[in-house]
2 protein chains.
Amino acid sequence: MKIPPVKGTRDFYPPEMAIRNFIIDGWKAASLRNGFEEYDSPIFEYLKMYQIKSGDEIVEQLFNLTDRGGRDLAIRPEITPSLARMVNQQINALPRPIKWFSVPRLCRAERPQKGRLREFFQWNIDIIGVDDVIADAEVIFTTIDYLRNLGLTDKDIKVKISSRKLLSAVLKNIGIPEKKLDSLYVLLDKKAKLPDETFDKLLAEQVSDSEMAGKIKTFMGIKKVSQIKEKVGFDDRVDEAIDELAMLVDLLGRMSVKNYCQFDPSIVRGLAYYTGIVFEVHDVVGELRAICGGGRYDNLLKDFGGPQISATGMGMGDCVLEILLKEKGLLKSKQLKLDYFVACADNQYFEKAVELTARLRLAGASAAFSYKATGLGKQMKQASANGAKKCIIIGEEFEAGQLAIKDMGTGEQELVAIEDFFEKINN
Amino acid sequence: MKIPPVKGTRDFYPPEMAIRNFIIDGWKAASLRNGFEEYDSPIFEYLKMYQIKSGDEIVEQLFNLTDRGGRDLAIRPEITPSLARMVNQQINALPRPIKWFSVPRLCRAERPQKGRLREFFQWNIDIIGVDDVIADAEVIFTTIDYLRNLGLTDKDIKVKISSRKLLSAVLKNIGIPEKKLDSLYVLLDKKAKLPDETFDKLLAEQVSDSEMAGKIKTFMGIKKVSQIKEKVGFDDRVDEAIDELAMLVDLLGRMSVKNYCQFDPSIVRGLAYYTGIVFEVHDVVGELRAICGGGRYDNLLKDFGGPQISATGMGMGDCVLEILLKEKGLLKSKQLKLDYFVACADNQYFEKAVELTARLRLAGASAAFSYKATGLGKQMKQASANGAKKCIIIGEEFEAGQLAIKDMGTGEQELVAIEDFFEKINN
């Protein structure tokens, strides 16, 4: 009986797995290089945990299940709620700052499309307990450190940075009442994806005063922090937010990654929980969805029943990233690379191949041999397919205690005494 | 609002994550050393896929869900059905032998108990397409290679080996009809966990002839392959199965791991799908569940709608293994080890610490600094907590272009010119 895989999921055969490992091993290495420690949460949590952060509409995007005890659970669509739960559980025992990363497998019951699947992996980095823009700078630097390490330059990608604090201050200064902010954020977040006319119409529905609406549009189009005061006006709150952005830019300059960054007030981030600096990384061509996004969320731990503690973080999925790396020719794969393939010039040496291979592995080298008695040509082909660096050929010389060792790169072959060979390996 | 984690799941804080990484990184390294390539399947599959292999009773152990399209799905409780599906999908394109490994996260809706959780990780290795006991030897060798590498000796663990082919031949030779075999396997598999009286009673229910039942018990108690013929009789099929076991033992001897292995006819493995060599690894003290188990399953791919292809494999969970390693004092953890912690002797150097840290990271070193202006003592404490190998102290000497570098292991401190230092790092 043949059964297909579920729509929107991926089978990782060795070639696809090698690509996934290339991406995820890079995430891990960049995290460790930047001083983050790894954590992970269970693959499922209580359903209501996701409703706290994202409301009832999130339930539509969840794979939810009921266990035999009647508990309403869901496969995690993101890890931040679990992070908040875990930090709150041990809030007094954890040394601060909490600087954690994770590479969770996540599931969302969405319609699969380009760069968006129902099952994916996401790199998360978070700094909790630092009420200073230095933490935002660290998160942005770490993000760029990873992307630059892959070979992506400032001609390929840009980190678009804004501030919820600034946006909220500007909107209030323009005259938008506090209670209208959240729904306005959702609309402004969609601006880049909407035709101008549609955006204008939707904005007019929320902000009937055309002068106020005009000012909002002017703000959204500003390219430099220094133009804000002149073009849309200011007060103490706007000033404070501008100062914070200026400090961030100064720090990113000191970290020598300013060339990757630009101010972009159209970056809003849809979710209500952001409270300060927000950013997204986009491909310069602008054909893809955001590569990643993040920002400051100072109220989330409190929303999850803990104390009020500052937090800032970033999440990057593997799907859009993989498309971009493929387009740029930067997608490498970590495929099997054997140190040795042990071949027999004659089938009578089969047992010797078994012995030698086991000895190599016990010495810590990676090694394999052919399970079937076949010709040397076929064995050499398998050695190549296994990515073997060297091929050991057991032939007549074996009777005299020697092995023929072929370098699969150069094609050169040499005779070596068996015990000399193993002495070298064991050292 | 405080929400707890779900019963039977684990939160991996950095210390627990470091242990999980120690175990899983070892699994991966042993797999690659032995020439296996990594694959992975989706976290959920169609529910019916699990019913094919294990019948309807498996549904009781599944976390099942229905998606918005009305599809009956389940979180994977094991990866072998997905492996069979994936191999069948590309059966003509995949070069053989297929020698794959995976380290999937799995979920089972069981009552949590010692060494058994509702969410766990499992190392799987499989060789598909090799109809020869050499493949079983490779699987057993790879298993031992991992365990031995951890420091477990033949005084700590034993690989108990038997053969379904032998068991079936012996039972038929004794006079048990073919159709009774499957239910008898289930009972024999439980022998070690049942009191003798209970076993005898249950055996009598299935085998009413007391002479036949006695022979089965005699067979289950045999310690050496050579005693089988004399103690329970033989025919061609028994002979053939004994020869295969003898070949396996010879190969394991050549691989120099025979000291870890012993013949044990009480190893049956509950599942109906095993067809040849079967084995389990147990702690010698015998206090824990099996550390792992595996064997040959030549019909599974066919059961999943593919051709009849030989296969053999092994699965090892992380829970029992972790308990054993803890007991033996062999549980290490891969915790954060920074190359450098950058400290300031005076707060005026904060920006310099930011610059230096970023420069170190861009050069590929792992580095961190304190986000808060605190005393040098507190910074040194954070350096220790971060496992820093060296601490760079920016002080007065910085004005003269020098850094104080302290070795956190030896406590020694030296002054180095900044540019010399980076030249060394960059090389």
# chains A, B, ... in the order shown; residues from 1 in each chain; ligands from 1
>>> residues_around(residues="Ile75 (chain A)", least_positions_apart="6", cutoff="9 Å", atoms="only C-alpha atoms", output="list of chain:residue names")
A:Pro42, A:Ile43, A:Phe44, A:Glu45, A:Tyr46, A:Leu47, A:Leu62, A:Phe63, A:Asn64, A:Leu65, A:Leu106, A:Cys107, A:Arg108
>>> closest_atom_pairs(of="chain B", to="chain A", cutoff="7 Å", atoms="only C-alpha atoms", output="CSV")
residue,atom,partner,partner_atom,distance
B:Met1,CA,A:Gly305,CA,4.4
B:Lys2,CA,A:Gly305,CA,4.9
B:Ile3,CA,A:Met49,CA,6.8
B:Pro5,CA,A:Glu45,CA,6.3
B:Val6,CA,A:Glu45,CA,6.0
B:Thr9,CA,A:Pro42,CA,5.9
B:Arg10,CA,A:Pro42,CA,6.1
B:Asp11,CA,A:Ser41,CA,5.0
B:Phe12,CA,A:Asp40,CA,4.9
B:Tyr13,CA,A:Tyr39,CA,5.0
B:Pro14,CA,A:Tyr39,CA,5.1
B:Met17,CA,A:Tyr39,CA,5.6
B:Leu32,CA,A:Ser366,CA,6.4
B:Arg33,CA,A:Ser366,CA,3.6
B:Asn34,CA,A:Ser366,CA,5.8
B:Gly35,CA,A:Ala368,CA,5.6
B:Glu37,CA,A:Pro14,CA,6.1
B:Glu38,CA,A:Pro14,CA,5.5
B:Tyr39,CA,A:Tyr13,CA,5.1
B:Asp40,CA,A:Phe12,CA,4.9
B:Ser41,CA,A:Asp11,CA,5.0
B:Pro42,CA,A:Thr9,CA,5.9
B:Glu45,CA,A:Val6,CA,6.0
B:Tyr46,CA,A:Val6,CA,6.7
B:Met49,CA,A:Ile3,CA,6.8
B:Phe63,CA,A:Asp67,CA,6.5
B:Asn64,CA,A:Leu65,CA,6.6
B:Leu65,CA,A:Leu65,CA,5.1
B:Asp67,CA,A:Phe63,CA,6.5
B:Ile134,CA,A:Tyr371,CA,6.7
B:Asp145,CA,A:Leu362,CA,6.9
B:Arg254,CA,A:Glu355,CA,5.3
B:Met255,CA,A:Ala358,CA,5.2
B:Asp303,CA,A:Met1,CA,6.7
B:Phe304,CA,A:Met1,CA,5.1
B:Gly305,CA,A:Met1,CA,4.4
B:Leu336,CA,A:Glu37,CA,6.2
B:Leu338,CA,A:Gly35,CA,6.8
B:Val354,CA,A:Met255,CA,6.7
B:Glu355,CA,A:Met255,CA,5.3
B:Ala358,CA,A:Met255,CA,5.2
B:Arg361,CA,A:Arg33,CA,6.1
B:Leu362,CA,A:Asp145,CA,6.9
B:Ala365,CA,A:Arg33,CA,6.1
B:Ser366,CA,A:Arg33,CA,3.6
B:Ala367,CA,A:Asn34,CA,5.8
B:Ala368,CA,A:Gly35,CA,5.6
B:Tyr371,CA,A:Ile134,CA,6.7
>>> write_last_selection(atoms="N, CA and C atoms", output="short mmCIF file (atom, residue, chain, number, x, y, z; two decimals), in the first residue's frame")
data_model
loop_
_atom_site.label_atom_id
_atom_site.label_comp_id
_atom_site.auth_asym_id
_atom_site.auth_seq_id
_atom_site.Cartn_x
_atom_site.Cartn_y
_atom_site.Cartn_z
N MET B 1 -0.43 35.13 32.86
CA MET B 1 -1.01 33.79 32.94
C MET B 1 0.08 32.73 32.80
N LYS B 2 0.22 31.90 33.84
CA LYS B 2 1.27 30.87 33.83
C LYS B 2 0.75 29.56 33.27
N ILE B 3 1.49 29.00 32.32
CA ILE B 3 1.10 27.73 31.72
C ILE B 3 2.25 26.75 31.86
N PRO B 5 4.56 23.15 31.19
CA PRO B 5 4.85 22.30 30.03
C PRO B 5 3.94 21.07 30.07
N VAL B 6 3.81 20.38 28.94
CA VAL B 6 2.96 19.20 28.88
C VAL B 6 3.69 18.02 29.53
N THR B 9 7.05 15.67 28.57
CA THR B 9 7.96 16.36 27.65
C THR B 9 9.08 16.99 28.48
N ARG B 10 10.13 17.43 27.81
CA ARG B 10 11.28 18.02 28.52
C ARG B 10 11.58 19.42 28.00
N ASP B 11 11.89 20.31 28.92
CA ASP B 11 12.44 21.61 28.54
C ASP B 11 13.95 21.46 28.52
N PHE B 12 14.58 21.86 27.43
CA PHE B 12 16.04 21.77 27.35
C PHE B 12 16.64 23.15 27.62
N TYR B 13 16.90 23.44 28.89
CA TYR B 13 17.67 24.64 29.25
C TYR B 13 19.11 24.37 28.79
N PRO B 14 19.95 25.42 28.70
CA PRO B 14 21.30 25.17 28.18
C PRO B 14 22.05 23.97 28.79
N MET B 17 20.46 20.93 27.27
CA MET B 17 20.71 20.94 25.82
C MET B 17 22.14 20.49 25.54
N LEU B 32 28.72 8.84 10.61
CA LEU B 32 29.58 9.28 9.51
C LEU B 32 30.85 8.45 9.45
N ARG B 33 31.40 8.14 10.64
CA ARG B 33 32.62 7.33 10.72
C ARG B 33 32.40 5.96 10.07
N ASN B 34 31.17 5.48 10.18
CA ASN B 34 30.86 4.16 9.63
C ASN B 34 30.20 4.22 8.25
N GLY B 35 30.24 5.42 7.64
CA GLY B 35 29.80 5.53 6.26
C GLY B 35 28.30 5.63 6.02
N GLU B 37 24.82 7.96 5.63
CA GLU B 37 24.42 9.30 5.23
C GLU B 37 23.13 9.69 5.95
N GLU B 38 23.01 10.97 6.28
CA GLU B 38 21.86 11.41 7.07
C GLU B 38 20.63 11.70 6.20
N TYR B 39 19.46 11.36 6.73
CA TYR B 39 18.18 11.70 6.10
C TYR B 39 17.24 12.12 7.22
N ASP B 40 16.08 12.66 6.85
CA ASP B 40 15.05 12.95 7.84
C ASP B 40 13.70 12.96 7.14
N SER B 41 12.67 12.72 7.91
CA SER B 41 11.30 12.72 7.39
C SER B 41 10.53 13.85 8.06
N PRO B 42 9.32 14.15 7.57
CA PRO B 42 8.49 15.16 8.26
C PRO B 42 8.13 14.68 9.67
N GLU B 45 2.95 12.38 9.61
CA GLU B 45 2.64 11.60 8.40
C GLU B 45 1.15 11.23 8.47
N TYR B 46 0.65 10.61 7.38
CA TYR B 46 -0.71 10.09 7.42
C TYR B 46 -0.79 8.99 8.48
N MET B 49 -0.26 5.24 7.79
CA MET B 49 1.07 4.72 7.55
C MET B 49 1.57 3.90 8.75
N PHE B 63 0.11 10.48 18.94
CA PHE B 63 -0.51 11.80 19.02
C PHE B 63 -1.08 12.07 17.63
N ASN B 64 -2.38 11.87 17.48
CA ASN B 64 -2.95 12.06 16.15
C ASN B 64 -3.71 13.38 16.05
N LEU B 65 -3.78 13.88 14.82
CA LEU B 65 -4.41 15.17 14.59
C LEU B 65 -5.15 15.14 13.27
N ASP B 67 -6.07 17.67 10.11
CA ASP B 67 -5.77 19.03 9.63
C ASP B 67 -7.03 19.63 9.02
N ILE B 134 26.71 -9.61 6.44
CA ILE B 134 27.70 -8.54 6.58
C ILE B 134 27.01 -7.22 6.96
N ASP B 145 30.56 0.69 18.18
CA ASP B 145 31.56 1.74 17.95
C ASP B 145 31.16 3.01 18.71
N ARG B 254 36.27 -10.55 13.57
CA ARG B 254 37.21 -9.84 12.69
C ARG B 254 37.17 -8.33 12.94
N MET B 255 35.99 -7.85 13.31
CA MET B 255 35.84 -6.42 13.60
C MET B 255 36.31 -6.09 15.02
N ASP B 303 5.67 -4.36 2.22
CA ASP B 303 4.44 -4.02 2.94
C ASP B 303 4.02 -2.58 2.67
N PHE B 304 5.00 -1.74 2.34
CA PHE B 304 4.70 -0.34 2.05
C PHE B 304 4.56 -0.08 0.55
N GLY B 305 4.26 -1.13 -0.19
CA GLY B 305 3.95 -0.93 -1.61
C GLY B 305 5.14 -0.92 -2.53
N LEU B 336 28.86 25.90 26.39
CA LEU B 336 29.47 27.07 25.75
C LEU B 336 30.92 27.23 26.21
N LEU B 338 33.70 29.95 25.21
CA LEU B 338 34.10 31.11 24.43
C LEU B 338 35.61 31.12 24.23
N VAL B 354 33.21 46.76 22.38
CA VAL B 354 32.26 46.43 21.32
C VAL B 354 33.02 46.19 20.01
N GLU B 355 33.91 47.12 19.68
CA GLU B 355 34.66 47.03 18.42
C GLU B 355 35.54 45.78 18.38
N ALA B 358 33.48 42.51 18.02
CA ALA B 358 32.98 42.32 16.65
C ALA B 358 34.11 41.88 15.73
N ARG B 361 34.91 38.20 16.30
CA ARG B 361 33.89 37.31 15.71
C ARG B 361 34.01 37.25 14.19
N LEU B 362 34.25 38.40 13.59
CA LEU B 362 34.38 38.42 12.13
C LEU B 362 35.59 37.62 11.68
N ALA B 365 36.54 33.86 15.59
CA ALA B 365 36.66 33.45 17.00
C ALA B 365 35.33 33.70 17.71
N SER B 366 35.03 32.92 18.76
CA SER B 366 33.84 33.20 19.54
C SER B 366 34.21 34.18 20.65
N ALA B 367 33.38 35.19 20.83
CA ALA B 367 33.70 36.26 21.76
C ALA B 367 32.46 36.92 22.32
N ALA B 368 32.58 37.46 23.54
CA ALA B 368 31.48 38.20 24.16
C ALA B 368 32.05 39.27 25.07
N TYR B 371 27.36 43.66 28.74
CA TYR B 371 26.48 44.70 28.21
C TYR B 371 26.31 45.84 29.20
#
>>> select_by_dssp(residues="region 77-261 of chain B", states="strand (DSSP E)", output="PyMOL selection string")
chain B and resi 98-102+105-107+119-128+157-163+261
>>> residues_around(residues="Glu327 (chain B)", least_positions_apart="2", cutoff="12 Å", atoms="only C-alpha atoms", output="MDAnalysis selection string")
chainID B and resid 152 156 283 285 287:288 320:325 329:331
>>> residues_around(residues="region 236-243 of chain A", least_positions_apart="4", cutoff="12 Å", atoms="only C-alpha atoms", output="ChimeraX atom specification")
/A:133,162-174,224-230,232,247-250,263,265,275-277
>>> closest_residue(among="B:Ala400, B:Ile157, B:Ala93, B:Ala246", to="Cys292 (chain B)", atoms="only C-alpha atoms")
B:Ile157
>>> select_by_dssp(residues="region 299-414 of chain A", states="alpha helix (DSSP H)", output="short mmCIF file (atom, residue, chain, number, x, y, z; two decimals) with C-alpha atoms, in the first residue's frame")
data_model
loop_
_atom_site.label_atom_id
_atom_site.label_comp_id
_atom_site.auth_asym_id
_atom_site.auth_seq_id
_atom_site.Cartn_x
_atom_site.Cartn_y
_atom_site.Cartn_z
CA LEU A 300 6.09 39.38 26.61
CA LEU A 301 7.45 37.72 29.76
CA LYS A 302 4.94 39.68 31.82
CA ASP A 303 2.14 38.57 29.48
CA ASP A 318 15.20 28.13 6.29
CA CYS A 319 12.86 28.30 3.26
CA VAL A 320 13.36 31.87 1.93
CA LEU A 321 17.05 31.72 2.88
CA GLU A 322 17.53 28.54 0.84
CA ILE A 323 15.91 30.14 -2.23
CA LEU A 324 18.16 33.21 -1.95
CA LEU A 325 21.35 31.17 -1.45
CA LYS A 326 20.47 29.02 -4.44
CA GLU A 327 19.89 32.12 -6.61
CA PHE A 350 37.14 -9.52 1.59
CA GLU A 351 37.64 -10.46 5.25
CA LYS A 352 40.81 -8.37 5.34
CA ALA A 353 38.78 -5.39 4.09
CA VAL A 354 36.31 -5.94 6.94
CA GLU A 355 39.15 -6.06 9.48
CA LEU A 356 40.95 -3.00 8.10
CA THR A 357 37.76 -0.92 7.92
CA ALA A 358 36.85 -1.73 11.52
CA ARG A 359 40.38 -0.86 12.62
CA LEU A 360 40.24 2.49 10.82
CA ARG A 361 36.92 3.38 12.41
CA LEU A 362 38.07 2.41 15.88
CA LEU A 376 37.94 -3.24 -8.48
CA GLY A 377 36.46 -0.78 -10.99
CA LYS A 378 33.03 -0.96 -9.38
CA GLN A 379 34.57 -0.54 -5.94
CA MET A 380 36.48 2.56 -7.08
CA LYS A 381 33.21 3.94 -8.42
CA GLN A 382 31.57 3.39 -5.03
CA ALA A 383 34.58 5.07 -3.38
CA SER A 384 33.99 8.14 -5.54
CA ALA A 385 30.24 8.09 -4.86
#
>>> atom_distance(atom1="CA of Gln206 (chain B)", atom2="CA of Gly221 (chain B)")
18.8 Å
>>> closest_atom_pairs(of="region 294-408 of chain B", to="region 418-424 of chain B", cutoff="7 Å", atoms="only C-alpha atoms", output="tab-separated table")
residue	atom	partner	partner_atom	distance
B:Gly401	CA	B:Ile418	CA	5.8
B:Gln402	CA	B:Ile418	CA	5.3
B:Leu403	CA	B:Ile418	CA	6.1
>>> residues_around(residues="Asp200 (chain A)", least_positions_apart="4", cutoff="12 Å", atoms="only C-alpha atoms", output="ChimeraX atom specification")
/A:187-188,190-191,194-196,204-208,210,213-214,216-217
>>> write_last_selection(atoms="N, CA and C atoms", output="PDB file, in the first residue's frame")
ATOM      1  N   LEU A 187      -1.910  47.596   9.397  1.00  0.00           N
ATOM      2  CA  LEU A 187      -2.024  48.149   8.045  1.00  0.00           C
ATOM      3  C   LEU A 187      -0.670  48.645   7.525  1.00  0.00           C
ATOM      4  N   LEU A 188       0.042  49.415   8.339  1.00  0.00           N
ATOM      5  CA  LEU A 188       1.335  49.960   7.904  1.00  0.00           C
ATOM      6  C   LEU A 188       2.320  48.831   7.571  1.00  0.00           C
ATOM      7  N   LYS A 190       1.679  46.185   6.167  1.00  0.00           N
ATOM      8  CA  LYS A 190       1.359  45.580   4.861  1.00  0.00           C
ATOM      9  C   LYS A 190       1.656  46.513   3.691  1.00  0.00           C
ATOM     10  N   LYS A 191       2.056  47.750   3.981  1.00  0.00           N
ATOM     11  CA  LYS A 191       2.208  48.775   2.935  1.00  0.00           C
ATOM     12  C   LYS A 191       3.025  48.278   1.732  1.00  0.00           C
ATOM     13  N   LEU A 194       1.093  46.066  -0.649  1.00  0.00           N
ATOM     14  CA  LEU A 194      -0.172  46.547  -1.225  1.00  0.00           C
ATOM     15  C   LEU A 194       0.079  47.546  -2.354  1.00  0.00           C
ATOM     16  N   PRO A 195      -0.806  47.570  -3.377  1.00  0.00           N
ATOM     17  CA  PRO A 195      -0.740  48.649  -4.383  1.00  0.00           C
ATOM     18  C   PRO A 195      -1.031  49.982  -3.664  1.00  0.00           C
ATOM     19  N   ASP A 196      -0.413  51.078  -4.137  1.00  0.00           N
ATOM     20  CA  ASP A 196      -0.561  52.378  -3.472  1.00  0.00           C
ATOM     21  C   ASP A 196      -2.021  52.760  -3.244  1.00  0.00           C
ATOM     22  N   ALA A 204      -7.264  55.712   4.635  1.00  0.00           N
ATOM     23  CA  ALA A 204      -8.332  56.701   4.801  1.00  0.00           C
ATOM     24  C   ALA A 204      -9.455  56.159   5.683  1.00  0.00           C
ATOM     25  N   GLU A 205      -9.679  54.836   5.592  1.00  0.00           N
ATOM     26  CA  GLU A 205     -10.713  54.217   6.442  1.00  0.00           C
ATOM     27  C   GLU A 205     -10.351  54.324   7.923  1.00  0.00           C
ATOM     28  N   GLN A 206      -9.054  54.251   8.211  1.00  0.00           N
ATOM     29  CA  GLN A 206      -8.628  54.298   9.619  1.00  0.00           C
ATOM     30  C   GLN A 206      -8.359  55.729  10.073  1.00  0.00           C
ATOM     31  N   VAL A 207      -7.822  56.574   9.151  1.00  0.00           N
ATOM     32  CA  VAL A 207      -7.486  57.952   9.506  1.00  0.00           C
ATOM     33  C   VAL A 207      -8.227  58.887   8.544  1.00  0.00           C
ATOM     34  N   SER A 208      -9.362  59.403   9.006  1.00  0.00           N
ATOM     35  CA  SER A 208     -10.216  60.177   8.094  1.00  0.00           C
ATOM     36  C   SER A 208      -9.623  61.555   7.777  1.00  0.00           C
ATOM     37  N   SER A 210      -7.299  63.933   6.261  1.00  0.00           N
ATOM     38  CA  SER A 210      -6.371  63.676   5.157  1.00  0.00           C
ATOM     39  C   SER A 210      -4.989  64.274   5.422  1.00  0.00           C
ATOM     40  N   ALA A 213      -3.302  61.682   7.527  1.00  0.00           N
ATOM     41  CA  ALA A 213      -2.957  60.537   6.678  1.00  0.00           C
ATOM     42  C   ALA A 213      -1.744  60.872   5.816  1.00  0.00           C
ATOM     43  N   GLY A 214      -1.720  62.096   5.316  1.00  0.00           N
ATOM     44  CA  GLY A 214      -0.593  62.533   4.482  1.00  0.00           C
ATOM     45  C   GLY A 214       0.715  62.501   5.253  1.00  0.00           C
ATOM     46  N   ILE A 216       1.437  60.639   7.801  1.00  0.00           N
ATOM     47  CA  ILE A 216       1.834  59.230   8.022  1.00  0.00           C
ATOM     48  C   ILE A 216       2.554  58.705   6.786  1.00  0.00           C
ATOM     49  N   LYS A 217       2.001  59.024   5.608  1.00  0.00           N
ATOM     50  CA  LYS A 217       2.637  58.555   4.371  1.00  0.00           C
ATOM     51  C   LYS A 217       4.010  59.206   4.172  1.00  0.00           C
TER      52      LYS A 217
END
